[in-house]
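The structure file run-v5.txt is reproduced below (compact mmCIF, C-alpha atoms and all ligand atoms).
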# COMPACT_ATOMS: atom_id res chain seq x y z
CA MET A 87 156.55 22.96 130.31
CA ALA A 88 155.85 25.73 132.72
CA LYS A 89 152.22 26.18 131.64
CA THR A 90 151.17 22.59 132.40
CA PHE A 91 152.58 22.71 135.90
CA ASN A 92 149.91 23.35 138.54
CA PHE A 93 151.40 26.60 139.70
CA ALA A 94 148.54 27.54 141.99
CA GLN A 95 148.39 24.20 143.78
CA ALA A 96 152.15 24.08 144.33
CA LEU A 97 152.03 27.60 145.69
CA LEU A 98 149.09 26.91 148.00
CA ASP A 99 150.76 23.75 149.37
CA TRP A 100 153.86 25.79 150.12
CA TYR A 101 151.77 28.59 151.65
CA ASP A 102 150.03 26.19 154.04
CA GLN A 103 153.39 25.32 155.54
CA HIS A 104 155.48 28.44 155.10
CA GLY A 105 153.22 31.41 154.34
CA ARG A 106 153.00 34.46 156.59
CA LYS A 107 149.82 34.42 158.62
CA ASP A 108 150.57 36.79 161.46
CA LEU A 109 150.99 40.16 159.75
CA PRO A 110 148.90 42.78 161.57
CA TRP A 111 146.62 43.50 158.60
CA GLN A 112 145.89 39.79 158.17
CA GLN A 113 144.26 39.49 161.58
CA LYS A 114 141.07 41.20 160.47
CA PRO A 115 141.26 41.71 156.72
CA THR A 116 138.51 44.32 156.34
CA PRO A 117 138.56 46.38 153.11
CA TYR A 118 139.97 49.31 155.12
CA HIS A 119 142.81 47.25 156.61
CA VAL A 120 143.70 45.62 153.29
CA TRP A 121 143.58 48.92 151.42
CA LEU A 122 145.76 50.73 153.98
CA SER A 123 148.34 47.94 154.10
CA GLU A 124 148.51 47.69 150.31
CA ILE A 125 149.11 51.42 149.97
CA MET A 126 151.78 51.38 152.68
CA LEU A 127 153.48 48.35 151.13
CA GLN A 128 153.95 50.07 147.77
CA GLN A 129 157.71 50.62 147.43
CA THR A 130 158.18 49.78 151.12
CA GLN A 131 159.31 46.63 152.92
CA VAL A 132 156.98 44.76 155.28
CA SER A 133 159.43 45.17 158.16
CA THR A 134 159.23 48.98 157.81
CA VAL A 135 155.48 49.05 157.29
CA ILE A 136 154.44 47.08 160.39
CA ASP A 137 155.10 49.88 162.92
CA TYR A 138 153.62 52.56 160.70
CA TYR A 139 150.55 50.47 160.06
CA GLN A 140 149.94 49.79 163.75
CA ARG A 141 150.39 53.44 164.68
CA PHE A 142 148.16 54.59 161.84
CA ILE A 143 145.40 52.21 162.88
CA ARG A 144 145.63 53.42 166.47
CA HIS A 145 145.08 57.00 165.26
CA PHE A 146 142.55 56.21 162.54
CA PRO A 147 140.85 52.92 163.46
CA ASP A 148 138.31 53.14 160.63
CA ILE A 149 137.64 54.97 157.42
CA GLU A 150 135.27 57.45 159.07
CA THR A 151 137.97 58.58 161.51
CA LEU A 152 140.44 58.90 158.67
CA ALA A 153 138.01 60.95 156.56
CA ALA A 154 137.27 63.27 159.49
CA ALA A 155 140.96 63.88 160.28
CA LYS A 156 142.92 66.95 159.17
CA GLN A 157 145.38 66.30 156.37
CA ASP A 158 148.18 67.42 158.68
CA ALA A 159 147.33 64.70 161.18
CA VAL A 160 147.37 62.07 158.42
CA LEU A 161 150.70 63.29 157.04
CA ALA A 162 152.14 63.28 160.56
CA GLN A 163 151.43 59.56 160.83
CA TRP A 164 152.98 59.01 157.41
CA SER A 165 156.04 61.07 158.24
CA GLY A 166 159.20 59.14 157.29
CA LEU A 167 157.44 56.57 155.10
CA GLY A 168 158.02 58.62 151.94
CA TYR A 169 156.00 58.96 148.73
CA TYR A 170 153.57 61.32 150.46
CA ALA A 171 151.15 61.40 147.55
CA ARG A 172 150.08 58.00 148.92
CA ALA A 173 148.93 59.59 152.17
CA ARG A 174 147.19 62.50 150.47
CA ASN A 175 145.36 60.10 148.14
CA LEU A 176 144.45 57.84 151.05
CA HIS A 177 142.86 60.80 152.78
CA LYS A 178 140.98 61.92 149.64
CA THR A 179 139.71 58.41 149.02
CA ALA A 180 138.52 58.09 152.63
CA HIS A 181 136.46 61.27 152.07
CA LEU A 182 134.97 59.92 148.87
CA VAL A 183 134.12 56.54 150.36
CA VAL A 184 132.45 58.12 153.39
CA ASN A 185 130.56 60.74 151.41
CA GLU A 186 129.62 58.81 148.29
CA PHE A 187 129.58 55.16 149.36
CA ASN A 188 128.27 55.43 152.91
CA GLY A 189 131.64 54.43 154.30
CA HIS A 190 131.73 51.10 152.40
CA MET A 191 134.69 50.46 150.19
CA PRO A 192 133.27 49.66 146.72
CA ALA A 193 133.38 45.98 145.74
CA SER A 194 133.86 46.51 142.01
CA LEU A 195 137.16 46.72 140.15
CA GLU A 196 136.12 49.65 137.94
CA THR A 197 134.78 51.75 140.82
CA LEU A 198 137.80 51.07 143.02
CA MET A 199 140.15 52.06 140.22
CA GLU A 200 138.44 55.43 139.94
CA LEU A 201 139.42 56.30 143.50
CA PRO A 202 142.61 58.33 144.07
CA GLY A 203 145.71 56.19 144.54
CA ILE A 204 144.06 52.85 143.74
CA GLY A 205 145.44 51.07 140.69
CA ARG A 206 144.52 47.70 139.25
CA SER A 207 146.76 45.69 141.56
CA THR A 208 145.61 47.42 144.76
CA ALA A 209 141.99 47.07 143.65
CA GLY A 210 142.62 43.36 142.97
CA ALA A 211 144.13 42.90 146.43
CA ILE A 212 141.13 44.57 148.13
CA LEU A 213 138.67 42.48 146.12
CA THR A 214 140.42 39.19 146.77
CA LEU A 215 141.70 39.56 150.32
CA ALA A 216 138.70 41.42 151.76
CA TYR A 217 135.80 40.47 149.46
CA HIS A 218 136.99 37.03 148.27
CA GLN A 219 136.37 37.83 144.64
CA ARG A 220 138.56 36.35 141.91
CA PHE A 221 141.07 38.88 140.54
CA PRO A 222 144.80 38.84 139.86
CA ILE A 223 147.26 41.26 141.40
CA LEU A 224 150.62 42.41 140.10
CA ASP A 225 152.63 44.12 142.80
CA GLY A 226 156.44 44.17 142.83
CA ASN A 227 156.71 40.70 144.40
CA VAL A 228 154.31 39.07 141.96
CA LYS A 229 155.98 40.74 138.98
CA ARG A 230 159.32 39.31 140.07
CA VAL A 231 158.02 35.77 140.62
CA LEU A 232 156.18 35.66 137.29
CA ALA A 233 158.99 37.30 135.32
CA ARG A 234 161.35 34.62 136.64
CA PHE A 235 159.00 31.67 136.38
CA PHE A 236 158.26 32.46 132.72
CA ALA A 237 161.63 34.10 131.98
CA VAL A 238 159.88 37.22 130.71
CA GLU A 239 162.42 39.55 129.14
CA GLY A 240 162.31 43.31 129.61
CA TRP A 241 161.61 45.85 132.31
CA PRO A 242 158.03 45.58 133.72
CA GLY A 243 157.74 49.37 133.49
CA ILE A 244 157.33 48.84 129.73
CA LYS A 245 153.63 48.44 128.93
CA GLN A 246 154.08 45.36 126.72
CA VAL A 247 156.06 43.54 129.41
CA GLU A 248 153.55 44.51 132.08
CA ASN A 249 150.64 43.32 129.92
CA ARG A 250 152.29 39.94 129.48
CA LEU A 251 152.73 39.60 133.23
CA TRP A 252 149.08 40.53 133.80
CA GLN A 253 148.09 37.86 131.32
CA TYR A 254 150.09 35.21 133.19
CA ALA A 255 148.71 36.44 136.51
CA GLU A 256 145.17 35.99 135.19
CA GLU A 257 145.77 32.60 133.59
CA LEU A 258 147.23 31.15 136.76
CA LEU A 259 144.37 32.14 139.08
CA PRO A 260 142.84 29.14 140.85
CA GLU A 261 139.08 28.70 141.29
CA GLN A 262 139.33 28.12 145.03
CA ARG A 263 141.16 29.69 147.95
CA ILE A 264 141.76 32.90 146.06
CA ALA A 265 142.69 35.01 149.09
CA ASN A 266 145.28 32.47 150.23
CA TYR A 267 146.65 32.21 146.73
CA ILE A 268 147.11 35.98 146.37
CA GLN A 269 148.78 36.14 149.77
CA ALA A 270 150.97 33.16 148.83
CA GLN A 271 152.22 34.92 145.70
CA MET A 272 153.23 37.95 147.74
CA ASP A 273 154.86 35.75 150.38
CA LEU A 274 156.88 33.76 147.88
CA GLY A 275 158.25 36.98 146.37
CA ALA A 276 158.97 38.50 149.76
CA THR A 277 160.57 35.49 151.44
CA LEU A 278 162.11 33.15 148.80
CA CYS A 279 162.08 34.74 145.37
CA THR A 280 163.70 37.89 146.69
CA ARG A 281 165.26 40.59 144.58
CA SER A 282 168.92 39.94 145.22
CA LYS A 283 169.23 36.40 146.65
CA PRO A 284 166.45 34.08 145.49
CA ASP A 285 166.46 30.88 147.55
CA CYS A 286 165.68 28.53 144.66
CA GLN A 287 166.63 25.41 146.59
CA ARG A 288 163.66 25.85 148.91
CA CYS A 289 161.25 27.11 146.27
CA PRO A 290 158.20 25.05 145.29
CA MET A 291 158.47 26.43 141.72
CA GLN A 292 162.02 25.34 141.13
CA THR A 293 161.32 22.31 138.91
CA HIS A 294 159.42 24.43 136.39
CA CYS A 295 160.98 27.82 136.81
CA GLN A 296 162.50 28.98 133.55
CA ALA A 297 164.86 31.53 135.06
CA TYR A 298 166.21 28.82 137.36
CA ALA A 299 166.61 26.43 134.43
CA LEU A 300 168.57 29.12 132.59
CA GLY A 301 170.77 29.48 135.67
CA GLN A 302 170.10 33.19 136.02
CA PRO A 303 167.14 34.11 138.22
CA GLY A 304 168.82 37.45 138.99
CA ALA A 305 168.49 38.48 135.33
CA TYR A 306 164.69 38.72 135.72
CA PRO A 307 162.77 40.93 135.76
CA GLY A 308 164.73 43.20 133.41
CA LYS A 309 166.18 46.30 135.05
CA LYS A 310 164.94 49.80 134.54
CA PRO A 311 167.23 51.54 132.03
CA LYS A 312 169.67 53.61 134.05
CA LYS A 313 169.81 57.33 133.64
CA ASN A 314 171.91 59.74 135.60
CA ILE A 315 169.80 61.75 137.96
CA PRO A 316 170.54 65.45 138.28
CA THR A 317 171.61 67.15 141.52
CA ARG A 318 169.78 70.18 142.84
CA GLN A 319 170.74 72.44 145.69
CA THR A 320 168.73 74.33 148.23
CA HIS A 321 169.37 76.34 151.38
CA TRP A 322 167.28 75.82 154.49
CA LEU A 323 166.71 78.83 156.70
CA VAL A 324 166.67 77.40 160.20
CA MET A 325 165.42 80.35 162.21
CA GLN A 326 165.43 79.88 165.96
CA ASN A 327 164.01 82.50 168.31
CA GLU A 328 164.99 83.43 171.88
CA VAL A 329 162.90 80.62 173.38
CA GLY A 330 164.29 77.95 171.05
CA GLU A 331 161.30 77.74 168.70
CA VAL A 332 161.89 77.19 164.99
CA LEU A 333 159.98 78.64 162.08
CA LEU A 334 158.37 76.07 159.76
CA GLU A 335 156.14 76.60 156.78
CA GLN A 336 153.77 74.28 155.01
CA ARG A 337 154.79 73.33 151.49
CA PRO A 338 152.35 73.69 148.61
CA GLN A 339 150.16 70.63 147.94
CA GLN A 340 151.78 70.06 144.55
CA GLY A 341 155.44 69.13 144.13
CA ILE A 342 157.86 67.34 146.42
CA TRP A 343 156.83 66.92 150.06
CA GLY A 344 153.44 68.42 149.16
CA GLY A 345 151.52 69.55 152.26
CA LEU A 346 154.38 68.69 154.64
CA TRP A 347 156.09 71.17 156.97
CA SER A 348 159.63 72.24 156.26
CA PHE A 349 162.09 75.09 156.70
CA PRO A 350 161.78 78.10 154.42
CA GLU A 351 164.14 77.67 151.50
CA MET A 352 166.17 79.92 149.27
CA ARG A 353 168.66 79.44 146.48
CA ASP A 354 171.42 81.64 147.82
CA GLY A 355 172.40 81.20 151.47
CA GLU A 356 174.70 84.24 151.35
CA VAL A 357 171.83 86.68 151.67
CA ALA A 358 169.94 84.69 154.31
CA ARG A 359 170.22 87.34 156.99
CA GLN A 360 168.84 90.20 154.85
CA TYR A 361 166.12 87.97 153.46
CA CYS A 362 164.88 86.91 156.90
CA GLN A 363 164.96 90.47 158.17
CA GLN A 364 162.91 91.72 155.24
CA ARG A 365 160.43 88.90 154.93
CA TRP A 366 159.70 88.21 158.60
CA GLN A 367 160.91 91.42 160.24
CA LEU A 368 163.31 89.41 162.38
CA GLN A 369 166.37 90.66 164.07
CA ILE A 370 169.16 88.21 163.31
CA HIS A 371 171.85 87.96 166.00
CA SER A 372 173.98 85.28 164.44
CA GLN A 373 174.19 83.19 161.33
CA ARG A 374 176.01 79.86 161.09
CA ALA A 375 176.27 77.35 158.25
CA LEU A 376 175.59 73.78 159.44
CA SER A 377 176.76 70.53 157.84
CA PRO A 378 175.05 69.87 154.51
CA LEU A 379 172.63 66.97 154.07
CA GLN A 380 171.72 64.91 151.08
CA HIS A 381 168.39 63.36 150.13
CA VAL A 382 167.83 61.17 147.09
CA PHE A 383 164.51 61.16 145.27
CA THR A 384 163.73 58.82 142.38
CA HIS A 385 164.35 61.56 139.82
CA PHE A 386 166.95 63.85 141.43
CA ARG A 387 169.40 64.21 144.28
CA LEU A 388 168.90 67.12 146.63
CA GLU A 389 171.83 68.74 148.43
CA ILE A 390 170.61 70.75 151.39
CA TYR A 391 172.64 73.51 153.03
CA PRO A 392 171.09 74.50 156.37
CA THR A 393 171.90 77.88 157.88
CA LEU A 394 171.09 78.41 161.56
CA LEU A 395 169.88 81.93 162.25
CA GLN A 396 169.46 82.96 165.89
CA CYS A 397 166.95 85.74 166.00
CA SER A 398 164.48 87.73 168.01
CA VAL A 399 160.95 88.06 166.83
CA ASN A 400 159.86 91.64 166.41
CA GLY A 401 156.77 91.08 164.38
CA VAL A 402 155.09 87.67 164.56
CA ALA A 403 155.60 85.58 161.44
CA ASP A 404 152.71 85.91 159.04
CA LYS A 405 150.43 82.92 159.64
CA ASP A 406 150.10 82.49 155.89
CA TYR A 407 153.77 81.82 155.61
CA GLY A 408 154.68 79.81 158.66
CA ASN A 409 154.50 79.19 162.36
CA TRP A 410 156.90 79.07 165.26
CA TYR A 411 157.08 75.67 166.91
CA ARG A 412 158.80 74.25 169.93
CA ILE A 413 160.99 71.52 168.47
CA LYS A 414 159.26 68.76 170.43
CA ASP A 415 155.89 69.87 169.01
CA THR A 416 157.10 69.66 165.41
CA PHE A 417 156.97 65.85 165.60
CA GLU A 418 153.18 66.09 165.65
CA LEU A 419 153.31 67.59 162.14
CA GLY A 420 153.80 65.92 158.78
CA LEU A 421 157.55 66.28 158.24
CA PRO A 422 159.74 65.04 155.37
CA ALA A 423 162.29 62.48 156.61
CA PRO A 424 165.36 64.77 156.35
CA VAL A 425 163.55 67.59 158.20
CA LYS A 426 162.55 65.18 160.94
CA SER A 427 166.04 63.81 161.47
CA PHE A 428 167.51 67.31 161.29
CA LEU A 429 165.10 68.55 163.98
CA LYS A 430 165.97 65.56 166.15
CA SER A 431 169.64 66.46 165.95
CA LEU A 432 168.86 70.13 166.66
CA ASN A 433 166.84 69.07 169.68
S1 LIG B 501 162.99 28.88 141.52
FE1 LIG B 501 164.12 30.64 142.20
S2 LIG B 501 163.81 32.16 140.62
FE2 LIG B 501 162.29 30.58 140.30
S3 LIG B 501 160.48 31.31 141.36
FE3 LIG B 501 161.62 30.03 142.79
S4 LIG B 501 162.97 31.40 143.96
FE4 LIG B 501 162.20 32.49 142.14
Rendering of file as structure tokens:
Amino acid sequence: MAKTFNFAQALLDWYDQHGRKDLPWQQKPTPYHVWLSEIMLQQTQVSTVIDYYQRFIRHFPDIETLAAAKQDAVLAQWSGLGYYARARNLHKTAHLVVNEFNGHMPASLETLMELPGIGRSTAGAILTLAYHQRFPILDGNVKRVLARFFAVEGWPGIKQVENRLWQYAEELLPEQRIANYIQAQMDLGATLCTRSKPDCQRCPMQTHCQAYALGQPGAYPGKKPKKNIPTRQTHWLVMQNEVGEVLLEQRPQQGIWGGLWSFPEMRDGEVARQYCQQRWQLQIHSQRALSPLQHVFTHFRLEIYPTLLQCSVNGVADKDYGNWYRIKDTFELGLPAPVKSFLKSLN
């Protein structure tokens, strides 16, 4: 039976031979490094994260530097990684840790979980990988491995299913080598027990894995119930002045792309010219519709219709609303991925 199998030992033996030991955040697993990597790895593949992580660490080598930075500078380094609430929470937490904990990441589960953006699994990873305490984690990789090993039915987004997986994660924890074990769980999920093509033939769990025995590893974990996501439309006003600068404005902190810089938007592109003249006192020389773009969020699809407006600046744009930027300077700002790629093509 699965429960009598020494899961932890089999996993550690496999890890010794096949685990990943050269990821950048493993070289010096301080609480700051572990925390940053865990936040970046949420919903994002290791291969994507590596470059972002290295660049971020070059800009913000420690928590004090991160806390002292402007939010814009932090978002700029996150630009393209998506789920920007992660970056805003990272910045807020850095402030709290510097101001309330003397720059030391707390070493208690409850205190960590009170910090913005840190849930039970991230807290567990910090405590095990950086502080060598004994806690389970349950990130996407671990959920998948455990759901398959125990053939747990149902989508892990359902509380009952998630609780069962937490229970297994706790029961399986070894007494020794906890950091290696936690890393091994993540590695197994990322390299063998992958979402679409689990490599069961090379897996150390195969002899006791219930999903394998049932002949359907792909059926676990249960899928999120599908629902059709709605489509929304917006028009970007891409205003470009005589010297080639574009007007960008910072989005409100709440809502999509919170705190990032983007083009002014409106619902109806037909009246773009009049709107720009009235709001920014611009003289519009020409107006041209550019090819539409599409961006998919988890809960809706956004169709974007950019309109290029060549203009001359009579009054200067109100600083409260936006700023003119040379296109090459915009890449220093926090930009949503579609804005960034659009500006690159405009450049
Ligand atoms: S045997 Fe297959 S399904 Fe089971 S844990 Fe290993 S890779 Fe995953």
Problem set entry | Nearby residues (all atoms listed in the file) at most 12 Å from Gln302 in chain A, same-chain spacing under 4 positions excluded, as a ChimeraX atom specification | /A:233-235,237,282-284,286,295-298,306-308
Problem set entry | Polymer residues at most 10 Å from range 116-123 of chain A, only C-alpha atoms, same-chain spacing of 4 or more positions, as a count of residues only | 36
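Interatomic distance, CA of Thr416 in chain A against CA of Pro338 in chain A: 17.9 Å.
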Exercise. Mind pulling up the distance from CA of Gly275 in chain A to CA of Lys107 in chain A?
Worked result: 15.1 Å
For this session: Go through the chains and note each residue within 12 Å of ligand LIG 501 (chain B), using all atoms listed in the file, then give the set as a ChimeraX atom specification.
Result: /A:88,93,96-97,100,227-238,271-307
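Among the candidates A:Leu195, A:Leu167, A:Ala154, A:Ala358, the residue lying nearest to Thr130 in chain A is A:Leu167 (atoms considered: all atoms listed in the file).
Across the structure, CA of Pro222 in chain A and CA of Ala265 in chain A are spaced 10.2 Å apart.
The shortest atom-to-atom distance to Pro316 in chain A, with all atoms listed in the file taken into account, belongs to A:Leu388 out of A:His381, A:Gln369, A:Val247, A:Leu388.
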For this session: For Asn327 in chain A, list every protein, DNA or RNA residue within 10 Å, evaluated using all atoms listed in the file, and leave out those in the same chain fewer than 2 positions away; present the list as a VMD selection string.
Result: chain A and resid 324 to 325 329 to 333 368 to 371 395 to 399 410 to 412
